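Notes follow once the structure below has been shown.
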Amino acid sequence: MSKTYSISELASEFDLTTRSIRFYEDQELLHPTRRGQTRVYSSKDRVRLKLTIRGKRLGFSLAEIRELFELWDETRSGSKKQLHLMLSKIGERRAALDQQMKDITMVQLELESAEIRCRQALEELLEKQHDEERASSSDKTATSSSAAMH
């Protein structure tokens with residue numbers, strides 16, 4: 001008899017909520033059996049949960065993960081079709097990540113440019129304010145000097 005797992009055991013092992021595991025079940029990624037009201041997960045469900053978590057970390061949607069599982073289930077050991085699909089999904093994900101990296105680099109350059117413009121404007125404003133204070137101070141000095149002479 002193969003090992004079985006409760007929902008709380010899997011939740012604890014993979015640091016997930018039981019609600020997340022039930023959601024994956026609703027998405028047809030896991031197929032536990034039932035003993036009354038209790039869900040009983042097989043070793044296969046455990047592996048599928050681990051692969052689901054890994055797939056999500058790699059950026060795959062749950063629909064893409066389900067599609068890969070379905071291809072795997074068709075053949076018992078995977079297939080050329082599944083491997084081609086996986087390679088295609090990896091290529092798409094890499095392309096998306098490359099674009100995100102380019103977008104991030106562009107935003108960083110734009111932020112840097114905006115920061116430089118703000119610092120220059122602030123410096124000019126402070127310099128102008130300082131010049132005005134100096135002019136006001138020298139006007140007061142001149143006025144008090146003039147008043148003292150009269």
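Following the order of the structure tokens, chains are lettered A, B, ..., residues in each are numbered from 1, and ligands are numbered from 1.
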Write out as a short mmCIF file (atom, residue, chain, number, x, y, z; two decimals) with C-alpha atoms, in the first residue's frame all residues of chain A that backbone DSSP assigns to strand (DSSP E or B).
data_model
loop_
_atom_site.label_atom_id
_atom_site.label_comp_id
_atom_site.auth_asym_id
_atom_site.auth_seq_id
_atom_site.Cartn_x
_atom_site.Cartn_y
_atom_site.Cartn_z
CA THR A 4 -1.15 8.68 1.69
CA TYR A 5 -1.30 12.21 3.05
CA THR A 33 -9.86 10.22 -2.88
CA ARG A 34 -12.34 10.53 -0.03
CA ARG A 35 -12.86 8.63 3.18
CA THR A 38 -11.79 13.47 4.61
CA ARG A 39 -9.57 14.06 1.60
CA VAL A 40 -6.85 11.45 1.13
CA TYR A 41 -3.95 12.47 -1.10
CA SER A 42 -1.73 9.92 -2.83
#
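The coordinates place atom CA of Ala11 of chain A at 27.5 Å from atom CA of Arg93 of chain A.
In this structure, atom CA of Arg22 of chain A sits 28.0 Å away from atom CA of Leu83 of chain A.
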Practice problem: Report as a VMD selection string: the residues of segment 16-71 of chain A with a DSSP assignment of alpha helix (DSSP H), based on the backbone of this structure. | Solution: chain A and resid 18 to 26 43 to 57 62 to 71
Quiz prompt | Atomic separation - atom CA of Ser88 of chain A relative to atom CA of Met101 of chain A, Å | solution = 19.9 Å
Self-check item: Contacts of Phe60 of chain A within 8 Å, only C-alpha atoms, excl. fewer than 4 positions in-chain, as a list in words
Solution: Gly55, Lys56, Glu64, Ile65, Lys89 and Arg93 of chain A
Got time to write the residues from that selection, N, CA and C atoms, as a compact mmCIF listing (two decimals), in the first residue's frame?
# COMPACT_ATOMS: atom_id res chain seq x y z
N GLY A 55 6.10 25.03 -10.85
CA GLY A 55 5.62 25.67 -12.07
C GLY A 55 5.18 27.10 -11.84
N LYS A 56 4.49 27.33 -10.73
CA LYS A 56 4.06 28.70 -10.40
C LYS A 56 5.28 29.59 -10.16
N GLU A 64 -1.61 26.17 -17.72
CA GLU A 64 -0.44 25.57 -18.39
C GLU A 64 0.05 24.35 -17.62
N ILE A 65 0.06 24.44 -16.31
CA ILE A 65 0.50 23.31 -15.49
C ILE A 65 -0.46 22.14 -15.68
N LYS A 89 6.88 26.33 -23.59
CA LYS A 89 6.47 27.15 -22.44
C LYS A 89 7.70 27.81 -21.79
N ARG A 93 8.29 31.79 -21.48
CA ARG A 93 8.54 32.40 -20.16
C ARG A 93 9.85 33.19 -20.17
Quiz item: Using only C-alpha atoms, which residue out of A:Ile104, A:Leu111, A:Leu49, A:Ile7 lies closest to Tyr24 of chain A?
Solution: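 Between A:Ile104, A:Leu111, A:Leu49, A:Ile7, the residue approaching Tyr24 of chain A most closely is A:Leu49.
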Quiz prompt | Residue with smallest distance to Lys44 of chain A - pool A:Leu71, A:Leu58, A:Leu29, A:Ala63, counting only C-alpha atoms | solution =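 Of the candidates, the smallest distance to Lys44 of chain A is held by A:Leu29.
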Exercise. Check the smallest atom-to-atom distance from each of A:Lys50, A:Arg66, A:Arg134, A:Lys102 to Leu16 of chain A using only C-alpha atoms, then report the winner.
Key: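 Using only C-alpha atoms, the shortest distance to Leu16 of chain A belongs to A:Lys50.
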